[in-house]
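**Student:** Dropping a structure here in structure tokens format, bear with me for questions.
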Amino acid sequence: MTRPGRRSHRSKKKRITLAVAPVAAVAVAAALMNSAGAATASEVSADCSADSDRLENCQFVDVQFKRDNLGPNQRVSAVTDNCGSTATASKTFNVSASVTRTIQLEDGFTANADTKLGNSFFEIGAKFSTSEINITRDDKTTTLAFSRTDTVQGDSLGFFMWSAKRTDVSGFLRATYKEAQDGQKVFFSPGEGSTGVHVFYPQILKNGTPDGRLWLRNVKCGTPEASGIQNSTRALRAEPGFGEGGENVTDVEIPLSEVPAP
């Protein structure tokens, strides 16, 4: 007796293929290409700084400001040595300092006065002048220079310090390009509404003297503070601010009314 033969039944799997329509594929590729060509914040900064031919315009947009912002602490006279003497000494100091507009954005960032951005800085600065102070809006340098006789304490080093007062205006860059990128012509750095760009406008008093804080500093000889001063140049040493030098340092502020006008 023979067994009936078995018929094998194998299931057939269906393969599904997803195809993208040619028109849609082209649209996706074009979008990716346009996105890759969009100006980044760094490129906006670089193009504005270089006054690039790609730009139709570049402007600094101010968002907020703060007056009387004190700048770096600077040693602005030679150091007078009265070490080893218990008596005070009357010394003549030649004081010299200068102020100019500075821009804080990226290392090496500049904007010449004759560029689109430089002109924008000039226009923005104009509105921050007051009845007491003028604002240095361009790259002009204003100098503080005079001689003054003052008292150096016994067994001390004496020298003058200066910190300029500035109006800190913060905001962002708005660049308008001649050709559209990623479907638009306007881009920002660091971003629209940001306060990442700082422009420090020196404040100039009506008599032409830079506004700021000037003080005579006495440092006790034989102290670490005195050694640091004697072993460094004023251009390389970071000095503490007024009243921040510690127990071995005495600061006496000089009213700017005692500083002769240029």
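So you can find residues: chains in the structure tokens are A, B, ... in the order shown, residues in each start at 1, and ligands are numbered from 1 in order.
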Hey, what's within 10 Å of Lys140 in chain A if we count only C-alpha atoms and toss same-chain stuff fewer than 2 positions away? As a list of chain:residue names, please?
**Tutor:**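 Answer for this query is A:Val99, A:Thr100, A:Arg101, A:Ala113, A:Thr136, A:Arg137, A:Asp138, A:Thr142, A:Thr143.
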**Student:** For the alpha helix (DSSP H) assignment from backbone DSSP, which residues of range 59-260 of chain A qualify? Please present them as a PyMOL selection string.
**Tutor:** chain A and resi 116-126+224-230
**Student:** Any chance you could export the current selection's C-alpha atoms as a PDB file, in the first residue's frame?
**Tutor:**
```pdb
ATOM      1  CA  LYS A 116      29.554  99.913   6.585  1.00  0.00           C
ATOM      2  CA  LEU A 117      29.872  98.484  10.094  1.00  0.00           C
ATOM      3  CA  GLY A 118      32.251 101.212  11.265  1.00  0.00           C
ATOM      4  CA  ASN A 119      29.777 103.849  10.147  1.00  0.00           C
ATOM      5  CA  SER A 120      27.025 102.008  12.040  1.00  0.00           C
ATOM      6  CA  PHE A 121      29.101 102.096  15.248  1.00  0.00           C
ATOM      7  CA  PHE A 122      29.557 105.837  14.750  1.00  0.00           C
ATOM      8  CA  GLU A 123      25.814 106.455  14.320  1.00  0.00           C
ATOM      9  CA  ILE A 124      24.857 104.301  17.321  1.00  0.00           C
ATOM     10  CA  GLY A 125      27.385 106.031  19.577  1.00  0.00           C
ATOM     11  CA  ALA A 126      25.964 109.462  18.813  1.00  0.00           C
ATOM     12  CA  PRO A 224      55.233  90.265  47.425  1.00  0.00           C
ATOM     13  CA  GLU A 225      53.207  93.060  45.837  1.00  0.00           C
ATOM     14  CA  ALA A 226      56.292  95.292  45.600  1.00  0.00           C
ATOM     15  CA  SER A 227      58.425  92.470  44.159  1.00  0.00           C
ATOM     16  CA  GLY A 228      55.824  91.827  41.485  1.00  0.00           C
ATOM     17  CA  ILE A 229      55.892  95.474  40.435  1.00  0.00           C
ATOM     18  CA  GLN A 230      59.697  95.742  40.434  1.00  0.00           C
TER      19      GLN A 230
END
```
**Student:** With DSSP run on the backbone, what are the strand (DSSP E) residues within range 13-232 of chain A? I'd like them as a PyMOL selection string.
**Tutor:** chain A and resi 55-70+74-75+80-81+89-99+102-104+133-135+142-152+156-181+184-189+197-205+212-220
**Student:** Can you tell me, as an MDAnalysis selection string, what residues are no more than 10 Å from Cys48 in chain A when counting only C-alpha atoms, ignoring any on the same chain fewer than 6 positions away?
**Tutor:** chainID A and resid 42 54:55 57:60 109:111 115:118 173:176 189
**Student:** Output N, CA, C and O atoms of each residue in that selection to a file, as a tab-separated table (two decimals), in the first residue's frame.
**Tutor:**
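Generated file (selection-v8.tsv):
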```tsv
chain	number	residue	atom	x	y	z
A	42	SER	N	29.71	83.15	12.53
A	42	SER	CA	31.13	83.48	12.35
A	42	SER	C	31.38	84.11	10.98
A	42	SER	O	32.19	85.04	10.85
A	54	ARG	N	30.21	90.85	-0.78
A	54	ARG	CA	28.98	90.06	-0.77
A	54	ARG	C	27.87	90.79	-0.04
A	54	ARG	O	26.69	90.45	-0.18
A	55	LEU	N	28.23	91.80	0.76
A	55	LEU	CA	27.25	92.47	1.61
A	55	LEU	C	26.62	93.68	0.93
A	55	LEU	O	27.30	94.47	0.30
A	57	ASN	N	24.72	95.49	3.16
A	57	ASN	CA	24.87	96.36	4.33
A	57	ASN	C	25.20	95.49	5.54
A	57	ASN	O	24.92	94.29	5.58
A	58	CYS	N	25.82	96.11	6.56
A	58	CYS	CA	26.04	95.45	7.84
A	58	CYS	C	25.87	96.50	8.92
A	58	CYS	O	26.45	97.59	8.85
A	59	GLN	N	25.07	96.18	9.92
A	59	GLN	CA	24.75	97.13	10.98
A	59	GLN	C	24.92	96.52	12.36
A	59	GLN	O	24.71	95.31	12.54
A	60	PHE	N	25.31	97.35	13.30
A	60	PHE	CA	25.30	96.97	14.70
A	60	PHE	C	23.96	97.42	15.28
A	60	PHE	O	23.59	98.59	15.16
A	109	PHE	N	38.93	90.96	15.90
A	109	PHE	CA	37.83	91.64	15.22
A	109	PHE	C	38.07	93.14	15.18
A	109	PHE	O	38.37	93.75	16.18
A	110	THR	N	37.95	93.71	14.00
A	110	THR	CA	38.09	95.16	13.83
A	110	THR	C	37.02	95.67	12.88
A	110	THR	O	36.42	94.90	12.13
A	111	ALA	N	36.81	96.96	12.90
A	111	ALA	CA	35.87	97.58	11.97
A	111	ALA	C	36.34	99.00	11.72
A	111	ALA	O	36.22	99.86	12.60
A	115	THR	N	34.07	101.70	6.85
A	115	THR	CA	33.30	100.54	6.43
A	115	THR	C	31.84	100.72	6.80
A	115	THR	O	31.48	101.62	7.56
A	116	LYS	N	30.98	99.85	6.25
A	116	LYS	CA	29.55	99.91	6.58
A	116	LYS	C	29.34	99.74	8.09
A	116	LYS	O	28.57	100.47	8.72
A	117	LEU	N	30.04	98.75	8.67
A	117	LEU	CA	29.87	98.48	10.09
A	117	LEU	C	30.47	99.61	10.93
A	117	LEU	O	29.88	100.01	11.94
A	118	GLY	N	31.63	100.12	10.53
A	118	GLY	CA	32.25	101.21	11.27
A	118	GLY	C	31.36	102.44	11.30
A	118	GLY	O	31.24	103.11	12.33
A	173	LEU	N	25.04	91.89	15.37
A	173	LEU	CA	25.28	92.34	14.00
A	173	LEU	C	24.16	91.83	13.10
A	173	LEU	O	23.73	90.68	13.20
A	174	ARG	N	23.69	92.71	12.20
A	174	ARG	CA	22.69	92.32	11.21
A	174	ARG	C	23.28	92.56	9.83
A	174	ARG	O	23.54	93.70	9.44
A	175	ALA	N	23.50	91.47	9.09
A	175	ALA	CA	24.11	91.56	7.77
A	175	ALA	C	23.08	91.28	6.69
A	175	ALA	O	22.32	90.31	6.77
A	176	THR	N	23.03	92.15	5.69
A	176	THR	CA	22.15	91.97	4.55
A	176	THR	C	23.02	91.64	3.33
A	176	THR	O	23.86	92.46	2.93
A	189	SER	N	24.65	87.85	13.85
A	189	SER	CA	25.75	87.34	14.65
A	189	SER	C	25.80	88.10	15.98
A	189	SER	O	25.77	89.33	15.97
```
**Student:** Can you tell me how far CA of Ser90 in chain A sits from CA of Pro72 in chain A, in Å to one decimal?
**Tutor:**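 Computing it gives 27.8 Å between the two atoms.
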**Student:** Kindly indicate which residue among A:Ser131, A:Asn82, A:Ala38, A:Ser170 lies nearest to Lys66 in chain A, using only C-alpha atoms for the distances.
**Tutor:** A:Ser170
